[in-house]
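> Got a structure for you, query_37.txt, holding compact mmCIF, C-alpha atoms.
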# COMPACT_ATOMS: atom_id res chain seq x y z
CA MET F 1 0.00 0.00 0.00
CA ARG F 2 2.73 2.38 1.02
CA ARG F 3 4.82 1.57 -2.03
CA LEU F 4 1.85 1.87 -4.34
CA ALA F 5 0.98 5.35 -3.16
CA LEU F 6 4.58 6.44 -3.38
CA LEU F 7 4.74 5.24 -6.95
CA ALA F 8 1.59 7.08 -7.93
CA VAL F 9 3.20 10.50 -8.02
CA PRO F 10 6.16 9.63 -10.29
CA VAL F 11 3.85 7.77 -12.65
CA MET F 12 1.59 10.79 -12.76
CA LEU F 13 4.60 12.98 -13.41
CA ALA F 14 5.78 10.80 -16.26
CA GLY F 15 2.27 10.69 -17.70
CA ALA F 16 1.94 14.45 -17.69
CA GLY F 17 5.35 14.70 -19.33
CA CYS F 18 4.55 12.41 -22.24
CA THR F 19 1.35 14.11 -23.29
CA GLY F 20 3.15 17.41 -23.34
CA THR F 21 6.22 16.53 -25.32
CA SER F 22 6.48 17.80 -28.80
CA GLY F 23 7.18 15.58 -31.72
CA ALA F 24 10.30 15.76 -33.82
CA GLY F 25 10.26 18.10 -36.78
CA GLY F 26 9.45 21.21 -34.75
CA GLN F 27 10.96 24.54 -35.73
CA ASP F 28 13.92 25.96 -33.87
CA ILE F 29 14.16 29.67 -33.31
CA GLN F 30 17.24 31.27 -31.78
CA VAL F 31 16.80 34.09 -29.31
CA THR F 32 19.62 36.14 -27.82
CA SER F 33 18.75 38.16 -24.77
CA ARG F 34 21.12 40.96 -23.76
CA ASP F 35 20.74 43.57 -21.06
CA ASP F 36 19.36 46.03 -23.60
CA ALA F 37 18.33 43.95 -26.61
CA CYS F 38 16.27 40.92 -27.62
CA GLU F 39 17.30 39.34 -30.93
CA VAL F 40 14.93 36.76 -32.40
CA SER F 41 16.31 34.88 -35.42
CA THR F 42 13.00 35.12 -37.30
CA ALA F 43 9.79 37.08 -36.90
CA GLN F 44 7.73 34.38 -38.58
CA ALA F 45 7.10 30.65 -38.28
CA SER F 46 4.48 28.15 -39.37
CA SER F 47 2.01 26.77 -36.86
CA GLY F 48 2.87 23.74 -34.77
CA SER F 49 5.60 23.01 -32.31
CA LEU F 50 8.07 25.88 -31.91
CA THR F 51 11.25 25.71 -29.86
CA PHE F 52 12.70 29.02 -28.81
CA SER F 53 16.32 28.53 -27.70
CA VAL F 54 16.92 31.54 -25.53
CA LYS F 55 20.54 32.43 -24.85
CA ASN F 56 21.31 34.96 -22.16
CA SER F 57 24.30 37.01 -23.33
CA GLY F 58 23.64 39.71 -20.77
CA THR F 59 24.81 40.13 -17.20
CA LYS F 60 21.46 39.76 -15.43
CA PRO F 61 19.15 36.73 -15.22
CA THR F 62 16.47 37.00 -17.90
CA GLU F 63 13.08 35.60 -18.89
CA PHE F 64 11.51 35.06 -22.30
CA TYR F 65 7.79 35.23 -23.11
CA LEU F 66 5.62 34.49 -26.10
CA LEU F 67 2.52 36.65 -25.63
CA ALA F 68 -0.80 36.84 -27.43
CA ASP F 69 -1.22 40.00 -29.50
CA ASP F 70 -3.07 41.73 -26.67
CA GLY F 71 0.29 41.78 -24.90
CA GLN F 72 -1.29 40.21 -21.79
CA ARG F 73 -2.06 36.54 -22.27
CA ILE F 74 1.00 34.35 -21.88
CA VAL F 75 1.30 31.64 -24.50
CA GLY F 76 4.58 30.41 -23.10
CA GLU F 77 7.43 31.53 -20.88
CA VAL F 78 10.80 30.37 -19.68
CA GLU F 79 12.21 31.87 -16.49
CA ASP F 80 15.50 31.82 -14.65
CA ILE F 81 17.85 32.01 -17.61
CA GLY F 82 21.01 32.91 -15.73
CA PRO F 83 23.86 34.77 -17.44
CA GLY F 84 25.59 32.48 -19.96
CA LEU F 85 22.78 29.91 -20.03
CA THR F 86 20.57 28.79 -22.91
CA ARG F 87 17.11 27.49 -22.10
CA ASP F 88 14.36 26.23 -24.36
CA LEU F 89 10.73 27.24 -24.52
CA VAL F 90 8.57 24.72 -26.38
CA VAL F 91 5.09 25.85 -27.41
CA ASP F 92 2.36 24.60 -29.69
CA ALA F 93 1.45 27.75 -31.56
CA ALA F 94 -1.77 28.26 -33.54
CA PRO F 95 -1.74 30.67 -36.51
CA GLY F 96 -1.99 34.29 -35.43
CA ASP F 97 -0.14 37.38 -34.28
CA TYR F 98 2.05 37.21 -31.21
CA LEU F 99 4.64 39.23 -29.33
CA THR F 100 8.04 37.98 -28.19
CA SER F 101 9.52 39.52 -25.08
CA CYS F 102 12.85 39.29 -23.27
CA LYS F 103 12.89 40.51 -19.69
CA PRO F 104 16.49 41.13 -18.60
CA GLY F 105 16.51 41.68 -14.85
CA MET F 106 13.12 39.91 -14.71
CA THR F 107 11.17 43.14 -14.35
CA GLY F 108 9.02 45.47 -16.43
CA ASP F 109 7.25 44.79 -19.71
CA GLY F 110 10.35 43.47 -21.40
CA ILE F 111 11.82 44.16 -24.84
CA ARG F 112 9.05 43.25 -27.23
CA ALA F 113 8.75 42.49 -30.93
CA GLU F 114 6.00 41.24 -33.20
CA PHE F 115 5.95 37.59 -34.19
CA THR F 116 3.65 35.96 -36.74
CA VAL F 117 2.61 32.32 -36.97
CA THR F 118 1.19 31.34 -40.35
CA GLY F 119 -1.19 28.50 -41.04
CA MET L 1 28.08 33.59 -11.77
CA PHE L 2 26.36 35.40 -8.91
CA GLY L 3 23.07 35.53 -10.84
CA ASN L 4 23.14 31.76 -11.25
CA PHE L 5 24.16 31.32 -7.61
CA LEU L 6 21.07 33.23 -6.50
CA ILE L 7 18.76 31.21 -8.76
CA GLY L 8 20.18 27.96 -7.34
CA LEU L 9 19.81 29.25 -3.80
CA ARG L 10 16.21 30.29 -4.37
CA GLU L 11 15.23 27.00 -5.97
CA GLY L 12 16.74 24.99 -3.14
CA LEU L 13 15.76 27.02 -0.08
CA GLU L 14 12.12 26.12 0.27
CA ALA L 15 12.70 22.38 -0.13
CA ALA L 16 15.60 22.54 2.34
CA ILE L 17 13.42 24.31 4.93
CA VAL L 18 10.50 21.90 4.58
CA VAL L 19 12.69 18.78 4.63
CA SER L 20 14.58 20.02 7.70
CA ILE L 21 11.27 20.55 9.51
CA ILE L 22 10.00 17.09 8.49
CA VAL L 23 13.21 15.44 9.68
CA GLY L 24 13.12 17.48 12.89
CA TYR L 25 9.51 16.47 13.42
CA ALA L 26 10.24 12.76 12.97
CA VAL L 27 13.20 12.95 15.36
CA ARG L 28 11.42 15.04 17.98
CA THR L 29 8.35 12.79 18.06
CA GLY L 30 10.51 9.69 18.46
CA ARG L 31 9.93 8.33 14.98
CA ARG L 32 13.50 7.98 13.81
CA GLU L 33 12.56 4.77 12.05
CA LEU L 34 10.89 6.97 9.43
CA LEU L 35 14.15 8.71 8.52
CA PRO L 36 15.38 6.19 5.92
CA ARG L 37 12.02 6.40 4.17
CA ILE L 38 11.99 10.20 4.33
CA TRP L 39 15.46 10.32 2.76
CA ALA L 40 14.35 7.78 0.18
CA GLY L 41 11.48 10.12 -0.71
CA VAL L 42 13.91 13.01 -1.09
CA GLY L 43 16.31 10.85 -3.12
CA LEU L 44 13.55 9.60 -5.38
CA ALA L 45 12.40 13.16 -6.07
CA ILE L 46 15.95 14.27 -6.90
CA GLY L 47 16.59 11.21 -9.08
CA LEU L 48 13.35 11.63 -11.03
CA SER L 49 13.88 15.36 -11.52
CA VAL L 50 17.48 15.00 -12.65
CA THR L 51 16.65 12.14 -15.03
CA LEU L 52 13.58 13.78 -16.53
CA GLY L 53 15.50 17.06 -16.78
CA ALA L 54 18.36 15.36 -18.64
CA ILE L 55 16.00 13.63 -21.06
CA LEU L 56 14.28 16.93 -21.81
CA THR L 57 17.53 18.88 -22.11
CA PHE L 58 19.60 16.46 -24.17
CA GLY L 59 16.89 14.44 -25.90
CA SER L 60 15.07 15.47 -29.04
CA ARG L 61 11.82 16.06 -27.22
CA GLY L 62 11.13 19.10 -25.10
CA LEU L 63 8.40 19.51 -22.52
CA SER L 64 5.79 22.00 -23.63
CA PHE L 65 5.10 25.07 -21.54
CA GLN L 66 1.57 23.88 -20.83
CA ALA L 67 2.71 20.47 -19.54
CA GLN L 68 5.37 22.08 -17.37
CA GLU L 69 2.81 24.44 -15.83
CA ALA L 70 0.42 21.54 -15.24
CA ILE L 71 3.07 19.47 -13.43
CA GLY L 72 4.12 22.45 -11.31
CA GLY L 73 0.51 23.35 -10.51
CA ILE L 74 -0.56 19.83 -9.51
CA LEU L 75 2.49 19.25 -7.32
CA SER L 76 2.03 22.64 -5.65
CA ILE L 77 -1.58 21.95 -4.73
CA LEU L 78 -0.69 18.49 -3.37
CA ALA L 79 2.19 19.98 -1.40
CA VAL L 80 -0.03 22.66 0.16
CA ALA L 81 -2.67 20.07 1.10
CA LEU L 82 -0.09 17.85 2.81
CA VAL L 83 1.71 20.68 4.58
CA THR L 84 -1.62 21.99 5.88
CA THR L 85 -2.38 18.55 7.31
CA MET L 86 1.02 18.52 8.95
CA ILE L 87 0.52 21.96 10.51
CA LEU L 88 -2.69 20.81 12.16
CA TRP L 89 -1.02 17.59 13.37
CA MET L 90 1.74 19.62 14.90
CA ALA L 91 -0.70 21.68 16.89
CA ALA L 92 -2.54 18.53 17.96
CA ASN L 93 0.75 16.90 18.87
CA ALA L 94 1.85 19.84 20.97
CA ARG L 95 -1.36 19.27 22.87
CA THR L 96 -1.10 15.54 23.44
CA LEU L 97 2.61 15.64 24.19
CA ARG L 98 1.99 17.41 27.47
CA HIS L 99 -0.30 14.76 28.82
CA ARG L 100 0.75 11.47 27.39
CA LEU L 101 3.73 9.24 27.64
CA HIS L 102 6.27 9.67 24.95
CA ASN L 103 5.64 6.34 23.25
CA GLU L 104 1.94 6.99 23.13
CA VAL L 105 2.44 10.29 21.42
CA ASP L 106 2.75 9.12 17.89
CA VAL L 107 -0.27 10.78 16.49
CA ALA L 108 1.37 10.01 13.23
CA THR L 109 0.18 6.48 12.74
CA ASP L 110 1.28 4.47 9.75
CA ARG L 111 -0.76 6.71 7.55
CA GLY L 112 0.90 9.70 9.14
CA GLY L 113 4.33 8.23 8.48
CA LEU L 114 3.52 7.81 4.84
CA ALA L 115 2.29 11.40 4.69
CA LEU L 116 5.66 12.58 6.05
CA VAL L 117 7.50 10.61 3.37
CA LEU L 118 5.20 11.91 0.64
CA MET L 119 5.61 15.44 1.90
CA ALA L 120 9.40 15.18 1.77
CA PHE L 121 9.08 13.81 -1.76
CA LEU L 122 6.76 16.62 -2.86
CA ALA L 123 8.80 19.38 -1.19
CA VAL L 124 11.69 18.41 -3.43
CA ALA L 125 9.76 17.33 -6.53
CA ARG L 126 7.70 20.51 -6.70
CA GLU L 127 10.57 22.70 -7.84
CA GLY L 128 12.75 19.72 -8.71
CA LEU L 129 12.11 19.51 -12.43
CA GLU L 130 12.45 23.26 -12.88
CA THR L 131 15.70 23.20 -10.89
CA ALA L 132 17.03 20.21 -12.85
CA LEU L 133 16.27 21.94 -16.16
CA PHE L 134 18.08 25.02 -14.91
CA LEU L 135 21.08 22.96 -13.72
CA TRP L 136 21.33 20.94 -16.93
CA SER L 137 21.22 24.12 -19.00
CA ALA L 138 24.14 25.35 -16.88
CA VAL L 139 26.01 22.11 -17.61
CA GLN L 140 25.18 22.48 -21.29
CA ALA L 141 26.67 25.96 -21.22
CA ALA L 142 29.87 24.61 -19.69
CA GLY L 143 31.53 24.74 -23.10
CA GLY L 144 31.45 28.48 -22.66
CA GLY L 145 32.95 28.28 -19.17
CA TRP L 146 32.25 26.55 -15.88
CA ALA L 147 31.13 29.65 -13.99
CA PRO L 148 27.36 29.07 -14.48
CA VAL L 149 27.54 25.45 -13.24
CA ILE L 150 29.69 26.36 -10.26
CA GLY L 151 27.38 29.26 -9.41
CA ALA L 152 24.20 27.18 -9.65
CA ALA L 153 25.63 24.24 -7.71
CA ALA L 154 27.02 26.54 -5.00
CA GLY L 155 23.58 28.14 -4.62
CA LEU L 156 21.95 24.75 -4.09
CA ALA L 157 24.70 23.71 -1.67
CA VAL L 158 24.19 26.84 0.42
CA ALA L 159 20.43 26.12 0.50
CA VAL L 160 21.13 22.60 1.82
CA GLY L 161 23.55 24.07 4.38
CA ILE L 162 20.86 26.47 5.61
CA GLY L 163 18.46 23.54 5.96
CA ARG L 164 21.07 21.68 8.01
CA LEU L 165 21.54 24.68 10.32
CA LEU L 166 17.79 25.04 10.74
CA TYR L 167 17.56 21.39 11.73
CA ALA L 168 20.33 21.83 14.28
CA GLY L 169 18.48 24.86 15.62
CA THR L 170 15.17 23.01 15.97
CA LEU L 171 16.88 20.25 17.98
CA ARG L 172 17.80 22.79 20.65
CA MET L 173 14.29 24.16 21.08
CA ASN L 174 11.99 22.76 23.69
CA LEU L 175 9.16 20.76 22.19
CA SER L 176 6.35 23.25 22.48
CA THR L 177 8.54 26.02 21.03
CA PHE L 178 9.47 23.63 18.24
CA PHE L 179 5.85 22.97 17.32
CA THR L 180 4.86 26.61 17.57
CA TRP L 181 7.68 27.97 15.43
CA THR L 182 7.88 25.25 12.81
CA GLY L 183 4.09 25.29 12.55
CA ALA L 184 4.08 29.04 12.00
CA ALA L 185 6.92 28.75 9.48
CA LEU L 186 5.07 26.05 7.58
CA ILE L 187 1.90 28.18 7.45
CA LEU L 188 3.87 30.99 5.75
CA VAL L 189 5.64 28.59 3.38
CA ALA L 190 2.39 26.87 2.37
CA ALA L 191 0.59 30.20 1.89
CA GLY L 192 3.40 31.32 -0.41
CA VAL L 193 3.28 28.10 -2.44
CA LEU L 194 -0.48 28.47 -2.77
CA ALA L 195 -0.20 32.11 -3.89
CA TYR L 196 2.49 31.16 -6.37
CA GLY L 197 0.30 28.32 -7.67
CA VAL L 198 -2.43 30.91 -8.25
CA HIS L 199 0.11 33.05 -10.11
CA ASP L 200 1.00 30.09 -12.33
CA LEU L 201 -2.66 29.45 -13.10
CA GLN L 202 -3.10 33.16 -13.88
CA GLU L 203 -0.14 33.00 -16.23
CA ALA L 204 -1.60 29.93 -17.89
CA GLY L 205 -4.82 31.91 -18.37
CA LEU L 206 -6.87 29.51 -16.21
CA LEU L 207 -7.51 32.21 -13.61
CA PRO L 208 -8.13 35.89 -14.44
CA GLY L 209 -6.50 39.03 -13.13
CA LEU L 210 -2.84 38.63 -14.08
CA ASP L 211 -2.49 42.37 -14.75
CA ASN L 212 -4.56 43.37 -11.73
CA LEU L 213 -1.68 44.15 -9.40
CA ALA L 214 -2.03 44.61 -5.64
CA PHE L 215 1.48 46.01 -5.39
CA ASP L 216 4.64 46.38 -7.40
CA VAL L 217 7.71 47.15 -5.32
CA SER L 218 10.18 45.93 -7.93
CA SER L 219 11.76 49.40 -8.06
CA VAL L 220 12.78 49.02 -4.41
CA LEU L 221 13.10 45.25 -4.15
CA VAL L 222 15.03 44.40 -7.30
CA PRO L 223 13.89 41.05 -8.79
CA GLY L 224 16.81 38.62 -8.84
CA GLY L 225 18.65 40.61 -6.16
CA VAL L 226 19.81 39.10 -2.87
CA LEU L 227 16.90 40.21 -0.70
CA ALA L 228 14.22 39.39 -3.30
CA THR L 229 15.86 35.97 -3.75
CA LEU L 230 15.76 35.19 -0.04
CA ILE L 231 12.13 36.29 0.29
CA LYS L 232 11.11 34.39 -2.82
CA GLY L 233 13.08 31.31 -1.79
CA THR L 234 11.61 31.08 1.69
CA LEU L 235 8.17 32.68 1.54
CA ASN L 236 7.53 32.50 -2.21
CA LEU L 237 6.54 36.16 -2.27
CA SER L 238 7.44 38.29 -5.30
CA PRO L 239 8.08 42.02 -5.62
CA THR L 240 5.01 42.08 -7.87
CA MET L 241 1.81 40.34 -6.79
CA THR L 242 -1.75 40.31 -8.10
CA TRP L 243 -4.83 40.96 -6.00
CA LEU L 244 -5.94 37.36 -6.36
CA GLU L 245 -2.58 36.10 -5.05
CA VAL L 246 -2.67 38.48 -2.09
CA THR L 247 -6.27 37.52 -1.29
CA VAL L 248 -5.58 33.79 -1.41
CA TRP L 249 -2.44 34.24 0.71
CA THR L 250 -4.30 36.28 3.33
CA VAL L 251 -7.27 33.92 3.53
CA TYR L 252 -4.97 30.91 3.90
CA VAL L 253 -2.81 32.48 6.62
CA ALA L 254 -5.88 33.73 8.51
CA THR L 255 -7.80 30.45 8.33
CA VAL L 256 -5.01 27.96 9.02
CA GLY L 257 -3.40 30.38 11.48
CA PHE L 258 -6.68 30.58 13.39
CA PHE L 259 -7.08 26.81 13.73
CA PHE L 260 -3.41 26.37 14.54
CA HIS L 261 -3.52 29.04 17.22
CA ARG L 262 -6.76 27.75 18.70
CA THR L 263 -5.45 24.20 19.00
CA LEU L 264 -2.21 25.42 20.57
CA ARG L 265 -4.03 27.68 23.02
CA ARG L 266 -6.14 24.80 24.18
CA ALA L 267 -2.99 22.77 24.58
CA ASN L 268 -1.42 25.40 26.79
CA GLY L 269 -4.60 26.17 28.66
CA ARG L 270 -6.85 23.78 30.49
CA GLU L 271 -6.18 20.12 31.00
CA PRO L 272 -7.85 18.18 28.20
CA ALA L 273 -10.10 15.55 29.78
CA GLN L 274 -9.44 13.12 26.99
CA VAL L 275 -7.38 13.00 23.88
CA PRO L 276 -9.80 12.87 20.95
CA ALA L 277 -9.83 9.46 19.32
CA ALA L 278 -9.36 10.97 15.92
CA VAL L 279 -6.10 12.49 17.02
CA GLY L 280 -4.65 10.00 19.47
CA GLY L 281 -5.67 6.68 18.01
CA HIS L 282 -6.24 3.91 20.55
CA ARG L 283 -3.81 1.15 21.02
Please express the file's structure as structure tokens.


Amino acid sequence: MRRLALLAVPVMLAGAGCTGTSGAGGQDIQVTSRDDACEVSTAQASSGSLTFSVKNSGTKPTEFYLLADDGQRIVGEVEDIGPGLTRDLVVDAAPGDYLTSCKPGMTGDGIRAEFTVTG
Amino acid sequence: MFGNFLIGLREGLEAAIVVSIIVGYAVRTGRRELLPRIWAGVGLAIGLSVTLGAILTFGSRGLSFQAQEAIGGILSILAVALVTTMILWMAANARTLRHRLHNEVDVATDRGGLALVLMAFLAVAREGLETALFLWSAVQAAGGGWAPVIGAAAGLAVAVGIGRLLYAGTLRMNLSTFFTWTGAALILVAAGVLAYGVHDLQEAGLLPGLDNLAFDVSSVLVPGGVLATLIKGTLNLSPTMTWLEVTVWTVYVATVGFFFHRTLRRANGREPAQVPAAVGGHR
């Protein structure tokens, strides 16, 4: 009984992980976050699984967001990208207009740019 | 390097505090036999997080944002539920301890023991995957220098050291002080986890009001700075919080604090005629 219950959580964890993983063949987008700039390798992608590889080339920890075009709703985010690190954000994106945002120093609205996902 | 150190410290602090309290609790209530299982729970959580983190970092498949939020959210809610149970046990224990023989004290029956093990597991697993992903990304960056890995690992090590010191401190307290202070600490930790869970759900768009801020002191309390890191790591409070987060936090602290205080006051006050069956368990 004890063992069973203890196993339940890891199994649940693994289950949640599998349903959320993206298939191969997704698109990779490179993002470089600096203290005063946010460079996204492309401003356009086709719908499906997108992987944003966010490299922090600045001196402060940073965050990266993919926002809906209202600038409020978060489609995806990756936090705690320490200086020198690269972290991935994987999102399933439907066609539409979005905003990308780097947040060096983890405060404020971030450095934003428009991003389009085509059908 | 310092930025990564602070992230590591923040990720590790909360788990270190909760585990040190759980271990202290088991030792102080004479249930040392639970320790191997508690450490197994901690080890299992670390092993799973590190493995899953490595698969996601180095494999061809990444975990989607939605799945990551779901895992974090579910584990947070479970952790809060378990910690709340523990807080109320502690108060009840403080009460029975005064009037019963030591070996009769174990309010924590077998089910209670399992809850302690699960709680240790969850305390580590909750932030475990996120921490493992952060650590592995530091390892991945090692080609560009070892500073990020060293910083992150040192931050985690300091968190564990703080947990160790806390444990040593709790051993010196007398029992009723131990229950009062660790109980109060757990109430604040759980309230923070709950508020942060609400924040996650707001970010995921499942709850409204993400831009409805109660306060924003990020100009004074710089996010990612030393003080903000310590507050975030221990209490899970951010320089920027929404009204919904603040409301949930306040309601939790008030409600659980009330029951905790009431149970303790009764313990310190009149002689209880009988230990309630639900709490004591008859042997």

> As a list in words, please: the residues near Asp216 (chain L) (cut-off 9 Å, only C-alpha atoms, same-chain neighbours under 5 positions excluded).

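Within the cut-off, the hits are Ser238, Pro239, Thr240, Met241 and Thr242 of chain L.
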
> Can those selected residues be exported to a file as a compact mmCIF listing (two decimals), in the coordinates of the input so that it contains C-alpha atoms?


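That gives us result-v2.txt:
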# COMPACT_ATOMS: atom_id res chain seq x y z
CA SER L 238 7.44 38.29 -5.30
CA PRO L 239 8.08 42.02 -5.62
CA THR L 240 5.01 42.08 -7.87
CA MET L 241 1.81 40.34 -6.79
CA THR L 242 -1.75 40.31 -8.10

> In Å, how far is it from CA of Gly72 (chain L) to CA of Val246 (chain L)?

19.7 Å

> Just the residues within 7 Å of Val54 (chain F), please, counting only C-alpha atoms, with nothing from its chain fewer than 2 positions along; format it as a ChimeraX atom specification.

/F:30-33,52,56,86-88

> Given a cut-off of 6 Å, which residues of chain L touch chain F, counting all atoms listed in the file, written out as a PyMOL selection string?

chain L and resi 3-4+61-65+67+138+141+203

> Do a neighbour search on Leu88 (chain L) at 12 Å with only C-alpha atoms, toss out local chain neighbours closer than 5 positions, and write the hits as a count of residues only.

26

> Which residues come within 9 Å of region 7-14 of chain L, counting all atoms listed in the file, excluding same-chain residues fewer than 6 positions away, as JSON, numbers by chain?

{"F": [61, 80, 81, 82], "L": [123, 124, 127, 128, 130, 131, 134, 135, 151, 152, 153, 154, 155, 156, 157, 158, 159, 160, 162, 163, 189, 224, 229, 230, 231, 232, 233, 234, 235, 236]}

> Env of Leu207 (chain L): 12 Å cut, atoms = all atoms listed in the file, seq-sep filter 3 positions within chain, self excluded. Answer as a PyMOL selection string.

(chain F and resi 73) or (chain L and resi 197-204+210-212+242-245)

> What gap, in Å, lies between CA of Tyr252 (chain L) and CA of Ala120 (chain L)?

21.4 Å
